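The file final_24.cif contains mmCIF, C-alpha atoms:
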```
data_work
#
loop_
_atom_site.label_atom_id
_atom_site.label_comp_id
_atom_site.auth_asym_id
_atom_site.auth_seq_id
_atom_site.Cartn_x
_atom_site.Cartn_y
_atom_site.Cartn_z
CA MET A 754 -67.89 46.21 -10.43
CA SER A 755 -68.86 46.90 -6.80
CA ALA A 756 -71.37 44.39 -5.41
CA SER A 757 -72.93 43.78 -2.00
CA HIS A 758 -75.41 41.40 -0.45
CA TYR A 759 -79.10 42.09 -1.01
CA ARG A 760 -81.13 39.50 0.90
CA GLU A 761 -79.50 36.20 -0.16
CA PHE A 762 -78.36 37.64 -3.51
CA LEU A 763 -75.11 39.26 -4.55
CA SER A 764 -76.29 42.50 -6.11
CA THR A 765 -75.18 45.71 -7.74
CA ALA A 766 -76.91 48.86 -8.99
CA VAL A 767 -75.24 49.71 -12.30
CA ALA A 768 -77.30 52.87 -12.80
CA PRO A 769 -80.28 54.62 -11.19
CA GLY A 770 -83.26 52.27 -11.48
CA ILE A 771 -81.20 49.33 -12.79
CA ARG A 772 -80.26 46.58 -10.33
CA LEU A 773 -78.65 43.19 -11.02
CA PHE A 774 -78.76 40.08 -8.84
CA ALA A 775 -76.90 36.75 -8.72
CA LEU A 776 -77.69 33.68 -6.64
CA PRO A 777 -75.21 30.81 -7.07
CA THR A 778 -76.27 27.25 -6.25
CA ASP A 779 -74.93 23.87 -7.35
CA ARG A 780 -78.18 22.03 -6.61
CA PHE A 781 -79.35 22.32 -10.21
CA LYS A 782 -77.88 21.58 -13.63
CA THR A 783 -79.35 24.66 -15.30
CA VAL A 784 -78.67 28.37 -15.15
CA ARG A 785 -81.68 30.69 -15.25
CA VAL A 786 -81.84 34.35 -16.24
CA ARG A 787 -84.85 36.57 -15.49
CA VAL A 788 -85.16 40.19 -16.63
CA PHE A 789 -88.00 42.49 -15.55
CA LEU A 790 -88.79 45.91 -17.05
CA CYS A 791 -91.22 47.37 -14.53
CA ASP A 792 -93.82 50.07 -15.08
CA ALA A 793 -96.96 51.31 -13.34
CA LEU A 794 -99.97 49.16 -14.19
CA ARG A 795 -102.30 51.20 -16.41
CA PRO A 796 -105.21 49.96 -18.60
CA VAL A 797 -104.05 50.83 -22.13
CA ASP A 798 -100.36 50.27 -21.35
CA ALA A 799 -101.19 46.83 -19.97
CA THR A 800 -102.49 45.77 -23.39
CA ARG A 801 -99.57 47.37 -25.22
CA ASN A 802 -97.06 45.66 -22.93
CA SER A 803 -98.76 42.32 -23.34
CA LEU A 804 -98.80 42.57 -27.14
CA LEU A 805 -95.22 43.83 -27.11
CA ALA A 806 -94.17 40.68 -25.26
CA TYR A 807 -95.77 38.55 -27.98
CA VAL A 808 -93.94 40.51 -30.69
CA LEU A 809 -90.56 40.42 -28.92
CA ARG A 810 -90.64 36.67 -28.49
CA ALA A 811 -91.48 36.22 -32.20
CA GLY A 812 -88.04 37.40 -33.34
CA SER A 813 -85.21 39.93 -33.08
CA GLN A 814 -83.07 41.85 -35.56
CA GLN A 815 -80.46 39.09 -35.47
CA TYR A 816 -83.01 36.24 -35.47
CA PRO A 817 -86.09 37.61 -37.27
CA SER A 818 -88.38 34.57 -36.95
CA ARG A 819 -89.40 31.96 -34.42
CA ARG A 820 -87.59 29.37 -36.52
CA ASP A 821 -84.39 31.44 -36.39
CA LEU A 822 -84.72 31.74 -32.62
CA ALA A 823 -85.32 28.00 -32.28
CA ARG A 824 -82.21 27.21 -34.30
CA ALA A 825 -80.15 29.62 -32.20
CA CYS A 826 -81.40 27.88 -29.04
CA GLU A 827 -80.42 24.50 -30.49
CA ASP A 828 -76.92 25.82 -31.10
CA LEU A 829 -76.81 26.83 -27.43
CA TYR A 830 -77.29 23.22 -26.29
CA GLY A 831 -81.06 23.42 -26.10
CA ALA A 832 -81.44 26.73 -24.33
CA SER A 833 -84.95 28.12 -24.00
CA VAL A 834 -85.98 31.78 -24.11
CA SER A 835 -89.27 33.56 -23.66
CA VAL A 836 -90.87 36.97 -23.07
CA GLY A 837 -94.17 37.62 -21.29
CA VAL A 838 -95.79 39.90 -18.74
CA THR A 839 -96.43 39.54 -15.04
CA ARG A 840 -97.55 41.78 -12.21
CA PHE A 841 -96.38 42.69 -8.73
CA GLY A 842 -99.11 44.59 -6.91
CA ASP A 843 -99.71 47.80 -8.86
CA VAL A 844 -96.70 47.17 -11.11
CA GLN A 845 -96.70 45.39 -14.47
CA ALA A 846 -93.45 43.90 -15.74
CA LEU A 847 -92.28 42.88 -19.17
CA ALA A 848 -90.59 39.63 -18.11
CA ALA A 849 -87.95 37.89 -20.21
CA SER A 850 -86.41 34.56 -19.22
CA ALA A 851 -83.79 32.07 -20.36
CA GLU A 852 -82.75 28.64 -19.17
CA PHE A 853 -79.70 26.67 -20.31
CA PRO A 854 -77.25 23.97 -19.15
CA ALA A 855 -74.42 24.99 -16.85
CA ASP A 856 -70.96 25.04 -18.42
CA ARG A 857 -69.69 22.19 -16.26
CA PHE A 858 -72.06 19.82 -18.06
CA LEU A 859 -70.92 20.98 -21.51
CA PRO A 860 -67.73 20.54 -23.55
CA LYS A 861 -64.63 22.20 -22.14
CA GLY A 862 -64.39 25.89 -22.99
CA SER A 863 -68.13 26.44 -23.27
CA ASP A 864 -69.35 29.90 -22.29
CA GLU A 865 -73.10 29.63 -22.68
CA LEU A 866 -73.99 32.52 -20.37
CA HIS A 867 -72.71 35.14 -22.81
CA GLY A 868 -74.24 33.36 -25.80
CA VAL A 869 -77.67 33.08 -24.19
CA LEU A 870 -77.58 36.65 -22.89
CA ASP A 871 -76.68 37.88 -26.36
CA LEU A 872 -79.73 36.05 -27.71
CA LEU A 873 -82.06 37.19 -24.92
CA SER A 874 -80.87 40.81 -24.90
CA GLY A 875 -81.38 40.95 -28.66
CA MET A 876 -85.01 39.95 -28.17
CA ILE A 877 -85.50 42.58 -25.45
CA LEU A 878 -83.48 45.48 -26.84
CA ARG A 879 -83.41 44.97 -30.61
CA PRO A 880 -86.74 43.76 -31.99
CA ALA A 881 -87.15 42.87 -35.65
CA LEU A 882 -88.08 45.90 -37.76
CA GLU A 883 -89.42 46.42 -41.25
CA PRO A 884 -86.70 46.29 -43.96
CA ALA A 885 -84.54 49.38 -44.39
CA GLY A 886 -86.23 52.14 -46.36
CA THR A 887 -89.77 51.27 -45.25
CA GLY A 888 -89.70 53.26 -42.04
CA SER A 889 -88.57 52.58 -38.50
CA THR A 890 -91.37 50.38 -37.21
CA LEU A 891 -91.99 46.87 -36.01
CA ARG A 892 -92.91 44.46 -38.77
CA ALA A 893 -96.59 44.90 -39.61
CA GLU A 894 -97.03 41.22 -40.42
CA THR A 895 -95.68 40.16 -37.04
CA VAL A 896 -97.81 42.70 -35.18
CA THR A 897 -100.94 41.47 -36.97
CA GLN A 898 -100.16 37.82 -36.29
CA GLU A 899 -99.39 38.41 -32.61
CA LYS A 900 -102.55 40.50 -32.20
CA ASP A 901 -104.51 37.46 -33.32
CA GLN A 902 -102.58 35.25 -30.90
CA LEU A 903 -103.20 37.59 -27.97
CA ARG A 904 -106.86 37.99 -28.93
CA ASN A 905 -107.30 34.21 -28.97
CA GLU A 906 -105.54 33.94 -25.61
CA LEU A 907 -107.79 36.56 -24.03
CA GLN A 908 -110.91 34.97 -25.49
CA GLY A 909 -109.78 31.56 -24.28
CA MET A 910 -109.61 32.76 -20.68
CA ARG A 911 -113.40 32.44 -20.51
CA ASP A 912 -113.08 28.67 -20.89
CA GLU A 913 -111.26 28.33 -17.55
CA LYS A 914 -114.34 28.87 -15.42
CA PRO A 915 -112.74 29.12 -11.93
CA ALA A 916 -110.11 31.57 -13.17
CA TRP A 917 -112.68 33.53 -15.16
CA ALA A 918 -114.95 33.76 -12.14
CA ALA A 919 -112.03 35.00 -10.04
CA TRP A 920 -111.25 37.65 -12.66
CA LEU A 921 -114.85 38.86 -12.82
CA ALA A 922 -114.87 39.06 -9.04
CA SER A 923 -111.58 40.95 -8.92
CA GLN A 924 -113.04 43.67 -11.16
CA ARG A 925 -115.67 44.25 -8.50
CA ILE A 926 -113.39 43.81 -5.49
CA TYR A 927 -110.75 46.23 -6.80
CA ALA A 928 -113.01 48.58 -8.74
CA GLY A 929 -111.33 51.96 -9.25
CA THR A 930 -107.84 50.67 -8.43
CA PRO A 931 -105.02 49.07 -10.50
CA GLY A 932 -106.08 45.71 -9.07
CA ALA A 933 -109.01 45.73 -11.51
CA ILE A 934 -106.72 46.01 -14.55
CA ALA A 935 -106.22 42.85 -16.58
CA GLU A 936 -102.57 41.79 -16.51
CA GLN A 937 -102.78 40.45 -20.09
CA GLY A 938 -104.71 43.47 -21.39
CA ARG A 939 -108.10 43.89 -23.05
CA ILE A 940 -109.36 42.77 -26.44
CA GLU A 941 -111.01 46.13 -27.07
CA ASP A 942 -107.61 47.91 -26.92
CA LEU A 943 -106.04 45.81 -29.69
CA PRO A 944 -107.47 47.49 -32.85
CA ALA A 945 -105.86 50.85 -32.01
CA ILE A 946 -102.36 49.42 -31.53
CA ASP A 947 -100.11 49.37 -34.60
CA GLY A 948 -96.41 48.85 -35.26
CA PRO A 949 -95.26 52.47 -34.73
CA ALA A 950 -97.25 52.78 -31.48
CA LEU A 951 -95.84 49.50 -30.22
CA LEU A 952 -92.27 50.49 -31.09
CA ALA A 953 -92.75 53.82 -29.29
CA ARG A 954 -93.95 51.91 -26.24
CA HIS A 955 -90.89 49.66 -26.43
CA GLN A 956 -88.50 52.61 -26.61
CA LEU A 957 -90.25 54.33 -23.70
CA LEU A 958 -89.88 51.22 -21.54
CA LEU A 959 -86.17 50.98 -22.32
CA ARG A 960 -85.70 54.63 -21.27
CA ASN A 961 -88.01 54.86 -18.28
CA ALA A 962 -88.86 51.44 -16.84
CA ARG A 963 -86.98 50.15 -13.81
CA MET A 964 -85.00 47.03 -14.61
CA PHE A 965 -84.26 44.11 -12.31
CA ALA A 966 -82.18 41.26 -13.76
CA PHE A 967 -81.30 37.95 -12.10
CA VAL A 968 -78.98 35.05 -12.83
CA THR A 969 -79.29 31.94 -10.65
CA GLY A 970 -77.88 28.42 -10.62
CA PRO A 971 -74.39 26.94 -11.12
CA VAL A 972 -72.70 30.22 -12.05
CA ASP A 973 -69.93 32.39 -10.63
CA PRO A 974 -71.91 35.32 -9.15
CA GLU A 975 -69.43 38.06 -10.03
CA LYS A 976 -69.07 36.80 -13.60
CA GLY A 977 -72.86 36.55 -13.79
CA LEU A 978 -73.32 40.17 -12.72
CA ALA A 979 -70.66 41.33 -15.19
CA ALA A 980 -72.37 39.44 -18.02
CA LEU A 981 -75.76 40.95 -17.16
CA ALA A 982 -74.24 44.44 -17.10
CA LYS A 983 -72.54 43.90 -20.47
CA HIS A 984 -75.51 42.53 -22.39
CA LEU A 985 -78.35 44.51 -20.78
CA ALA A 986 -77.02 48.03 -21.24
CA LEU A 987 -80.02 50.37 -21.15
CA PRO A 988 -80.03 54.14 -21.76
CA ARG A 989 -78.70 56.10 -18.79
CA GLY A 990 -80.93 58.57 -17.00
CA LYS A 991 -83.51 58.93 -14.28
CA ARG A 992 -86.13 56.19 -14.26
CA GLN A 993 -89.66 56.44 -12.98
CA THR A 994 -90.61 55.70 -9.40
CA LEU A 995 -92.86 52.65 -9.12
CA PRO A 996 -96.18 53.03 -7.32
CA LEU A 997 -96.32 51.43 -3.89
CA ALA A 998 -99.12 49.00 -3.18
CA LYS A 999 -102.13 50.33 -1.27
CA PRO A 1000 -104.45 48.29 0.94
CA LEU A 1001 -107.98 47.66 -0.27
CA ALA A 1002 -110.30 50.27 1.21
CA ALA A 1003 -113.12 49.05 3.42
CA ARG A 1004 -116.78 49.34 2.40
CA LYS A 1005 -119.63 50.48 4.60
CA THR A 1006 -121.82 47.74 3.18
CA VAL A 1007 -120.95 44.49 1.45
CA SER A 1008 -121.08 44.65 -2.34
CA ARG A 1009 -122.99 41.71 -3.80
CA GLY A 1010 -123.03 40.87 -7.50
CA ARG A 1011 -123.81 38.05 -9.88
CA VAL A 1012 -123.12 37.08 -13.47
CA ARG A 1013 -125.45 34.42 -14.83
CA GLU A 1014 -124.05 31.95 -17.32
CA LYS A 1015 -124.77 28.30 -17.95
CA THR A 1016 -122.08 26.34 -16.11
CA GLU A 1017 -121.77 22.93 -14.48
CA GLN A 1018 -120.77 24.56 -11.21
CA THR A 1019 -121.56 27.87 -9.57
CA HIS A 1020 -118.49 29.77 -8.40
CA LEU A 1021 -118.70 31.76 -5.19
CA ILE A 1022 -116.10 34.40 -4.34
CA SER A 1023 -116.04 36.28 -1.04
CA ALA A 1024 -113.56 38.99 -0.05
CA TRP A 1025 -112.64 40.56 3.29
CA SER A 1026 -110.68 43.83 3.51
CA GLY A 1027 -108.50 45.02 6.38
CA ALA A 1028 -105.64 42.54 6.04
CA PRO A 1029 -102.06 43.82 6.46
CA LEU A 1030 -99.74 44.23 3.49
CA TYR A 1031 -96.67 42.11 2.85
CA GLY A 1032 -93.71 43.37 4.87
CA THR A 1033 -95.74 44.89 7.72
CA PRO A 1034 -95.53 43.59 11.33
CA ALA A 1035 -98.95 41.88 11.21
CA PHE A 1036 -98.17 40.00 7.98
CA ALA A 1037 -97.07 36.74 9.62
CA PRO A 1038 -100.15 36.53 11.88
CA MET A 1039 -102.31 37.10 8.79
CA LEU A 1040 -100.74 34.04 7.18
CA PHE A 1041 -102.11 32.02 10.11
CA ALA A 1042 -105.56 33.60 9.81
CA ASP A 1043 -105.77 32.69 6.14
CA GLY A 1044 -104.27 29.23 6.65
CA ILE A 1045 -106.70 28.29 9.41
CA PHE A 1046 -109.70 29.70 7.54
CA GLY A 1047 -109.13 28.19 4.10
CA GLY A 1048 -105.48 27.98 3.10
CA PHE A 1049 -104.75 24.34 3.94
CA SER A 1050 -106.45 20.94 3.84
CA PHE A 1051 -107.16 21.09 7.60
CA SER A 1052 -108.79 24.53 7.29
CA ARG A 1053 -112.30 25.44 8.39
CA LEU A 1054 -113.60 25.85 4.86
CA PHE A 1055 -112.25 22.46 3.75
CA LYS A 1056 -113.47 20.57 6.82
CA ILE A 1057 -116.84 22.27 7.32
CA VAL A 1058 -118.01 23.38 3.86
CA ARG A 1059 -116.57 20.50 1.83
CA GLU A 1060 -116.14 17.50 4.14
CA THR A 1061 -118.85 17.90 6.80
CA HIS A 1062 -121.66 19.39 4.68
CA GLY A 1063 -120.55 18.27 1.22
CA LEU A 1064 -121.45 21.64 -0.31
CA ALA A 1065 -118.35 22.28 -2.46
CA TYR A 1066 -116.31 20.39 -5.01
CA ALA A 1067 -113.42 22.71 -4.18
CA VAL A 1068 -113.12 25.46 -1.59
CA SER A 1069 -110.16 27.46 -0.30
CA SER A 1070 -108.96 30.92 0.60
CA HIS A 1071 -105.89 32.93 -0.26
CA PHE A 1072 -104.31 36.09 1.10
CA GLY A 1073 -103.69 38.92 -1.39
CA ARG A 1074 -100.53 40.16 0.31
CA SER A 1075 -100.02 43.16 -1.99
CA ARG A 1076 -103.66 44.29 -1.59
CA GLY A 1077 -104.52 43.57 2.03
CA VAL A 1078 -107.43 41.30 1.21
CA MET A 1079 -108.44 37.72 1.98
CA ILE A 1080 -110.46 35.93 -0.70
CA ALA A 1081 -112.38 32.66 -0.47
CA GLN A 1082 -113.54 30.78 -3.58
CA ALA A 1083 -115.79 27.75 -3.85
CA ALA A 1084 -117.13 25.66 -6.73
CA VAL A 1085 -120.56 24.29 -5.78
CA ASP A 1086 -123.62 22.60 -7.18
CA PRO A 1087 -125.95 25.37 -8.41
CA GLY A 1088 -128.74 24.10 -6.18
CA LYS A 1089 -126.53 24.41 -3.09
CA ALA A 1090 -125.05 27.84 -3.81
CA ASP A 1091 -127.20 29.76 -1.32
CA GLN A 1092 -126.47 27.29 1.45
CA ALA A 1093 -122.75 27.28 0.72
CA ALA A 1094 -122.52 31.07 0.61
CA LYS A 1095 -124.28 31.32 3.95
CA LEU A 1096 -122.00 28.70 5.51
CA ILE A 1097 -118.82 30.42 4.29
CA ARG A 1098 -120.09 33.66 5.80
CA SER A 1099 -120.93 32.03 9.13
CA GLU A 1100 -117.66 30.08 9.34
CA PHE A 1101 -115.65 33.26 9.04
CA ALA A 1102 -117.77 34.97 11.70
CA ARG A 1103 -117.40 31.94 13.99
CA LEU A 1104 -113.62 31.91 13.54
CA ALA A 1105 -113.25 35.67 14.12
CA LYS A 1106 -115.43 35.51 17.25
CA GLY A 1107 -114.66 32.12 18.76
CA GLY A 1108 -111.07 31.60 17.69
CA PHE A 1109 -109.34 28.33 16.92
CA THR A 1110 -107.90 25.34 18.73
CA ALA A 1111 -104.29 24.82 19.76
CA GLU A 1112 -104.18 21.93 17.29
CA GLU A 1113 -105.30 24.16 14.41
CA PHE A 1114 -102.70 26.77 15.33
CA SER A 1115 -99.89 24.21 15.58
CA ALA A 1116 -100.83 22.51 12.29
CA CYS A 1117 -100.93 25.87 10.53
CA ARG A 1118 -97.54 26.92 11.88
CA ASP A 1119 -95.95 23.64 10.75
CA SER A 1120 -97.59 23.90 7.31
CA LEU A 1121 -96.50 27.52 6.84
CA ILE A 1122 -92.91 26.69 7.75
CA GLU A 1123 -92.86 23.67 5.45
CA ALA A 1124 -94.43 25.65 2.60
CA ARG A 1125 -91.84 28.41 2.97
CA ARG A 1126 -88.95 25.95 3.11
CA SER A 1127 -90.22 24.19 0.00
CA ALA A 1128 -90.59 27.49 -1.83
CA TRP A 1129 -87.06 28.58 -0.93
CA ASP A 1130 -85.72 25.41 -2.58
CA SER A 1131 -86.68 27.03 -5.89
CA PRO A 1132 -84.43 29.86 -7.15
CA SER A 1133 -87.38 31.05 -9.26
CA ALA A 1134 -89.53 31.40 -6.14
CA ARG A 1135 -86.78 33.40 -4.47
CA VAL A 1136 -86.53 35.67 -7.52
CA MET A 1137 -90.27 36.33 -7.62
CA ASP A 1138 -90.39 37.00 -3.87
CA CYS A 1139 -87.45 39.39 -4.15
CA MET A 1140 -89.23 41.18 -7.00
CA LEU A 1141 -92.46 41.57 -5.05
CA GLN A 1142 -90.56 42.95 -2.06
CA ALA A 1143 -88.54 45.33 -4.23
CA THR A 1144 -91.64 46.74 -5.93
CA MET A 1145 -93.40 47.06 -2.56
CA GLY A 1146 -90.48 48.90 -1.04
CA PHE A 1147 -89.02 46.60 1.62
CA LYS A 1148 -86.42 43.87 2.03
CA GLN A 1149 -86.78 40.74 4.15
CA THR A 1150 -84.70 37.56 3.94
CA PRO A 1151 -86.26 34.08 3.93
CA GLU A 1152 -84.70 33.47 7.35
CA GLN A 1153 -86.36 36.59 8.72
CA GLN A 1154 -89.70 35.45 7.33
CA LEU A 1155 -89.39 32.01 8.95
CA LYS A 1156 -88.39 33.62 12.25
CA ALA A 1157 -91.48 35.86 12.10
CA ILE A 1158 -93.75 32.84 11.49
CA ARG A 1159 -92.25 30.93 14.42
CA ALA A 1160 -92.74 33.94 16.71
CA VAL A 1161 -96.49 34.39 16.05
CA LYS A 1162 -98.82 34.02 19.05
CA PRO A 1163 -102.52 33.04 18.92
CA ALA A 1164 -103.54 36.45 20.27
CA GLN A 1165 -101.89 38.13 17.28
CA VAL A 1166 -103.87 35.95 14.88
CA MET A 1167 -107.12 36.84 16.64
CA ALA A 1168 -106.20 40.53 16.41
CA VAL A 1169 -105.87 40.42 12.61
CA LEU A 1170 -109.02 38.29 12.24
CA LYS A 1171 -111.04 40.92 14.10
CA LYS A 1172 -109.80 43.63 11.69
CA LEU A 1173 -111.08 41.78 8.61
CA LYS A 1174 -114.40 43.13 7.35
CA PRO A 1175 -116.74 41.65 4.70
CA HIS A 1176 -116.15 43.53 1.46
CA THR A 1177 -117.53 41.72 -1.62
CA GLU A 1178 -119.59 38.65 -2.44
CA PHE A 1179 -119.80 37.52 -6.04
CA ARG A 1180 -121.48 34.61 -7.81
CA TYR A 1181 -120.78 33.32 -11.30
CA GLY A 1182 -122.69 30.58 -13.08
CA THR A 1183 -126.12 29.03 -13.31
#
```

Take the structure in this file and express it as structure tokens.
Amino acid sequence: MSASHYREFLSTAVAPGIRLFALPTDRFKTVRVRVFLCDALRPVDATRNSLLAYVLRAGSQQYPSRRDLARACEDLYGASVSVGVTRFGDVQALAASAEFPADRFLPKGSDELHGVLDLLSGMILRPALEPAGTGSTLRAETVTQEKDQLRNELQGMRDEKPAWAAWLASQRIYAGTPGAIAEQGRIEDLPAIDGPALLARHQLLLRNARMFAFVTGPVDPEKGLAALAKHLALPRGKRQTLPLAKPLAARKTVSRGRVREKTEQTHLISAWSGAPLYGTPAFAPMLFADGIFGGFSFSRLFKIVRETHGLAYAVSSHFGRSRGVMIAQAAVDPGKADQAAKLIRSEFARLAKGGFTAEEFSACRDSLIEARRSAWDSPSARVMDCMLQATMGFKQTPEQQLKAIRAVKPAQVMAVLKKLKPHTEFRYGT
């Protein structure tokens, strides 16, 4: 098998649209496998993919029940396996994962990688079907049970008020784009999905979705790639091109909305468009702009809104790097919501016009470097960053990213701040 370096990974493309990665490290005692089947994020498919993940993790042809899967994991020295969904910009991925002890910590002759991959690939590729003679379809009982589980999960999202407020705001911020699609799907789509439809969706993903598979940890990289290729053999053929992320379009006037509901705190969400996308030259300066405004504990929002004026229980900002948007969120006393919203607005305007101190710039640079170094200590963080880059169509090593952060000048940060324009203001709560 021919392999080459892709960022910090050893990698090979075994077929069009199918790429495998290995990252060896002896810093951990466990080996981790991540498999992503990537598809364009679409409303109805998002719900089907989410439900499919629930069904796949409930059993396979070889291990038809959760109990059977649990016993198989016990036989593999306590391995763990799971299937879910995640998103990368405008791409949704069916994401399967496994974690298990490295062979050097097990009895001599152990070969857990192949055993775990056989278990995980069975869940992904060979789901449990109805008994022979009843038709080729996923088990109706499992589909019904997992529908209920997904429905409960989606209903339960309303109980996490900050996250629910952020989701309601995102529907308004990204209206008309894939950003407004729920990653976990929608309750109203569930009644129309049955076993045959879900199996058809599964087969379509295996034929058309782009696959990225990773093995990281104490493992020989070439053996890891060979094992992935052996156990994750998908149908050959041309696979779909993934949609590239698009920046959030500016608005002529700020969109303001509100959802009233009895809550202990009022949640304020403000969005600014015009930020650069991940991988573009202005990306590193934008990290500074977000960090100084609300990304760290020394930021303007934390010091002014929370500490100086005492208007927020929690306040911060984050940079949507696959959307080109900066979003600030605050949880405030309902009686102080107007004052807090006005202060957040004015603090951004003051920063964009008046700039920042040398101390703020230096503290942000140090914090960004430390945050990146800490993230790179995690193989999982490296995998997710590699995935986001791959789906966005560029490749940049961690070292290149750190170099770009160190090279940023204050004038570059001011340039990106001046390009940010108010886009959406949303309020949720009493």

Open item on the list: As a check of understanding, name the residues that the PyMOL selection byres ((chain A and resi 974-980) around 8) selects in the supplied structure, as number ranges by chain.
Closed with: A: 754, 763-765, 773-777, 866-867, 870, 968, 972-973, 981-984

Task: Residues matched by the PyMOL selection byres ((chain A and resi 796) around 10), written as a PyMOL selection string - done: chain A and resi 793-795+797-801+931+933-939+942

- [ ] Determine the residue set returned by the PyMOL selection byres ((chain A and resi 1150) around 9) for the present structure, and present it as JSON, numbers by chain.
- [x] {"A": [759, 760, 761, 1139, 1148, 1149, 1151, 1152, 1153, 1154, 1155]}

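The point (-84.4, 39.4, -33.1) has these residues within 9 Å of it when only C-alpha atoms are used: Leu809, Arg810, Ala811, Gly812, Ser813, Gln814, Gln815, Tyr816, Pro817, Ser818, Asp821, Leu822, Leu872, Leu873, Gly875, Met876, Ile877, Leu878, Arg879, Pro880, Ala881 and Leu882 of chain A.
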
- [ ] Would you please work out which residue, of A:Arg857, A:His955, A:Lys900, A:Lys1162, is nearest to A:Ile940 when using all atoms listed in the file?
- [x]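 Of A:Arg857, A:His955, A:Lys900, A:Lys1162, the one nearest A:Ile940, counting all atoms listed in the file, is A:Lys900.
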
- [ ] Tell me which of A:Pro1132, A:Pro915, A:Pro1163, A:Pro949 sits closest to A:Thr778, counting all atoms listed in the file.
- [x] A:Pro1132

TODO: Grab the atom CA of A:Ala1037 to atom CA of A:Lys1106 distance for me, in Å with one decimal place.
DONE: 19.9 Å

TODO: In the coordinates of the file, take the point (-79.6, 52.9, -9.4) and a cut-off of 12 Å; then, counting only C-alpha atoms, name each qualifying protein, DNA or RNA residue as a VMD selection string.
DONE: chain A and resid 764 to 773 962 to 965 989 to 994

Task: Best match for closeness to A:Ser889 among A:Leu859, A:Leu1001, A:Ala919, A:Ala953, counting only C-alpha atoms - done: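 Of A:Leu859, A:Leu1001, A:Ala919, A:Ala953, the one nearest A:Ser889, counting only C-alpha atoms, is A:Ala953.
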
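Between atom CA of A:Asp901 and atom CA of A:Glu827 there is a distance of 27.5 Å.
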
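Excluding A:Arg960 itself and same-chain residues fewer than 2 positions from it, the residues having an atom within 6 Å of it are Leu957, Leu958 and Pro988 of chain A, counting all atoms listed in the file.
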
Enclosing box along x, y and z for every listed atom of stretch 997-1014 of chain A, padded 5 Å each side, centre and size in Å, one decimal, as JSON:
```
{"center_x": -110.9, "center_y": 41.7, "center_z": -6.4, "size_x": 39.1, "size_y": 29.5, "size_z": 31.9}
```

Task: Pick from A:Ala1042, A:Ala893, A:Leu987, A:Met910 nearest to A:Lys1172, counting all atoms listed in the file - done: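 Ranked by minimum distance to A:Lys1172, first place goes to A:Ala1042.
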
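Atom to atom, atom CA of A:Leu891 and atom CA of A:Leu951 stand 7.4 Å apart.
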
Open item on the list: From the options A:Ser863, A:Ser923, A:Ser1070, A:Thr1183, which residue's atoms come nearest to A:Arg1013, counting only C-alpha atoms?
Closed with: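 Of the candidates, the smallest distance to A:Arg1013 is held by A:Thr1183.
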
Task: Non-local contacts of A:His1062 (12 Å; all atoms listed in the file; under 2 positions in same chain excluded) as an MDAnalysis selection string - done: chainID A and resid 1053:1060 1064:1066 1085 1089 1092:1093 1096:1097

As a PDB file with C-alpha atoms, in the coordinates of the input, please: the residues near A:Asp1130 (cut-off 12 Å, only C-alpha atoms, same-chain neighbours under 4 positions excluded).
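Generated file (out.pdb):
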```pdb
ATOM      1  CA  THR A 778     -76.270  27.250  -6.250  1.00  0.00           C
ATOM      2  CA  ASP A 779     -74.930  23.870  -7.350  1.00  0.00           C
ATOM      3  CA  ARG A 780     -78.180  22.030  -6.610  1.00  0.00           C
ATOM      4  CA  PHE A 781     -79.350  22.320 -10.210  1.00  0.00           C
ATOM      5  CA  GLY A 970     -77.880  28.420 -10.620  1.00  0.00           C
ATOM      6  CA  GLU A1123     -92.860  23.670   5.450  1.00  0.00           C
ATOM      7  CA  ALA A1124     -94.430  25.650   2.600  1.00  0.00           C
ATOM      8  CA  ARG A1125     -91.840  28.410   2.970  1.00  0.00           C
ATOM      9  CA  ARG A1126     -88.950  25.950   3.110  1.00  0.00           C
ATOM     10  CA  ALA A1134     -89.530  31.400  -6.140  1.00  0.00           C
ATOM     11  CA  ARG A1135     -86.780  33.400  -4.470  1.00  0.00           C
ATOM     12  CA  VAL A1136     -86.530  35.670  -7.520  1.00  0.00           C
ATOM     13  CA  PRO A1151     -86.260  34.080   3.930  1.00  0.00           C
TER      14      PRO A1151
END
```
